[in-house]
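**Student:** The following block contains the structure, expressed as structure tokens.
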Amino acid sequence: MASSADVHVRICAQEIIKYDLEIKALVQDIRDCPGPQSSLMELNSQIKEKFSKLRLRIQDLEQMAKEQDRETDRLAIQAETESQRRQMMSNQTAWRKANLACKLAIDNMEKDELLHAGENQSTRQRKVTKESLVETSSNITESLMSISRMMAEQVKQSEDTIGSLATSSRTVQETNEEFKNMTGTIHLGRKLILKYNRRELTDKLLIFLALALFFATVLYILKKRLFPFI
């Protein structure tokens, strides 16, 4: 039948093995940790707690070795204690390496994220700049088209005005020609009226002379017949 001391040694050894396996699992979790830093800090906090408990159990095992009555038991427990201490040191080395590798990976990942963020920002800025240039170009094109339409309207209005002026000029010329023709007609009519007036005067004078001659002739005849002695 096992003594109480042997039972305590086995329980302590089992706990040491349990902590060792838990530490190895946490070291692997640290190696596989994708970040962020807060996750790594949480894993490190857990593994520190496991190492603290493991260290205490190894010290307990070492103390139990000193309390053994038989030399063979004492040496066997001391050998187990040294083996577990070496295993603990190996785990600590693996923990430090995993920590360094994880921190490096997280740093690289954060740098990549910052780089990608910068590239995305630059891409967005280029996109915004391109969209702004396209919008500005579109606005300029619309302004130019508006100016072109205004110029076309001004040209059309100018053409209409020139057409109206040309029509007015032709109307004035035609009116002037009509005035000239009317003036010529009036002048000709005036000449004809003056001519007719002179002819009327001549006719009246001729009629008067004819009448005078007629009356003179009548008077002469009457004188000869009525007063032949004169």
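Identifiers in the structure tokens: chain A, B, ... in order shown; residue index from 1 per chain; ligand index from 1 in order shown.
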Within 10 Å of segment 60-74 of chain A, counting only C-alpha atoms, which residues show up once you throw out same-chain ones fewer than 4 positions away? Write them as a PyMOL selection string, please.

**Tutor:** chain A and resi 5-6+8-13+16+54-56+78-82+84

**Student:** Okay, now the selection with N, CA and C atoms, as a CSV table (one decimal), in the first residue's frame?

**Tutor:**
chain,number,residue,atom,x,y,z
A,5,ALA,N,3.0,10.1,1.6
A,5,ALA,CA,4.0,10.9,0.9
A,5,ALA,C,4.1,10.5,-0.6
A,6,ASP,N,4.0,9.2,-0.9
A,6,ASP,CA,4.0,8.8,-2.3
A,6,ASP,C,2.8,9.4,-3.1
A,8,HIS,N,1.2,12.1,-2.4
A,8,HIS,CA,1.4,13.6,-2.6
A,8,HIS,C,2.4,13.8,-3.7
A,9,VAL,N,3.4,12.9,-3.8
A,9,VAL,CA,4.4,13.1,-4.9
A,9,VAL,C,3.8,12.8,-6.3
A,10,ARG,N,2.9,11.8,-6.3
A,10,ARG,CA,2.3,11.5,-7.6
A,10,ARG,C,1.3,12.6,-8.0
A,11,ILE,N,0.6,13.1,-7.1
A,11,ILE,CA,-0.4,14.2,-7.4
A,11,ILE,C,0.4,15.5,-7.8
A,12,CYS,N,1.5,15.8,-7.2
A,12,CYS,CA,2.3,16.9,-7.6
A,12,CYS,C,2.9,16.7,-8.9
A,13,ALA,N,3.4,15.5,-9.2
A,13,ALA,CA,3.9,15.2,-10.6
A,13,ALA,C,2.9,15.3,-11.6
A,16,ILE,N,2.2,18.9,-12.3
A,16,ILE,CA,3.3,19.5,-13.1
A,16,ILE,C,3.2,19.2,-14.5
A,54,LEU,N,3.3,26.3,-12.2
A,54,LEU,CA,4.3,25.2,-12.4
A,54,LEU,C,5.5,25.4,-11.6
A,55,ARG,N,6.0,26.6,-11.4
A,55,ARG,CA,7.2,26.8,-10.6
A,55,ARG,C,6.9,26.4,-9.1
A,56,LEU,N,5.8,26.8,-8.6
A,56,LEU,CA,5.4,26.4,-7.3
A,56,LEU,C,5.4,24.9,-7.1
A,78,GLN,N,14.4,14.0,-6.9
A,78,GLN,CA,15.3,15.1,-7.3
A,78,GLN,C,15.5,15.0,-8.8
A,79,ALA,N,15.7,13.8,-9.4
A,79,ALA,CA,15.9,13.7,-10.8
A,79,ALA,C,14.7,14.1,-11.6
A,80,GLU,N,13.5,13.7,-11.1
A,80,GLU,CA,12.3,14.2,-11.7
A,80,GLU,C,12.1,15.7,-11.6
A,81,THR,N,12.5,16.2,-10.5
A,81,THR,CA,12.4,17.7,-10.3
A,81,THR,C,13.3,18.4,-11.3
A,82,GLU,N,14.6,18.0,-11.4
A,82,GLU,CA,15.5,18.6,-12.4
A,82,GLU,C,15.0,18.5,-13.8
A,84,GLN,N,11.8,18.2,-14.7
A,84,GLN,CA,10.7,19.2,-14.9
A,84,GLN,C,11.2,20.6,-15.0

**Student:** May I have the residues within 12 Å of Met89 of chain A as a list in words, using only C-alpha atoms and disregarding those fewer than 2 positions away in the same chain?

**Tutor:**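 Near Met89 of chain A, the qualifying residues are Asp20, Ile23, Lys24, Phe51, Leu54, Arg55, Ile58, Glu82, Ser83, Gln84, Arg85, Arg86, Gln87, Asn91, Gln92, Thr93, Ala94, Trp95 and Arg96 of chain A.
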
**Student:** Mind dumping a table of every segment 3-60 of chain A residue within 10 Å of segment 103-111 of chain A, with the nearest atom pair and its distance in Å to one decimal, using only C-alpha atoms, sorted by chain and rising number, as a tab-separated table?

**Tutor:**
residue	atom	partner	partner_atom	distance
A:Ile30	CA	A:Lys103	CA	9.4
A:Arg31	CA	A:Ala105	CA	9.5
A:Asp32	CA	A:Ala105	CA	9.9
A:Cys33	CA	A:Ile106	CA	8.6
A:Pro34	CA	A:Ile106	CA	6.8
A:Gly35	CA	A:Ile106	CA	5.8
A:Pro36	CA	A:Ile106	CA	6.8
A:Gln37	CA	A:Ile106	CA	7.3
A:Leu40	CA	A:Lys103	CA	8.2

**Student:** Can you work out the spacing between atom CA of Leu219 of chain A and atom CA of Asp203 of chain A in Å, to one decimal?

**Tutor:** 23.9 Å

**Student:** Have a look at A:Met88, A:Leu43, A:Val218, A:Ala76 and name the one nearest to Leu21 of chain A; count only C-alpha atoms.

**Tutor:**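 Among the listed residues, the smallest separation from Leu21 of chain A belongs to A:Met88.
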
**Student:** Work out how far atom CA of Asn44 of chain A is from atom CA of Asn99 of chain A, in Å to one decimal.

**Tutor:** 8.3 Å

**Student:** Could you check how far atom CA of Leu194 of chain A sits from atom CA of Leu209 of chain A, in Å to one decimal?

**Tutor:**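 Atom CA of Leu194 of chain A sits 22.4 Å away from atom CA of Leu209 of chain A.
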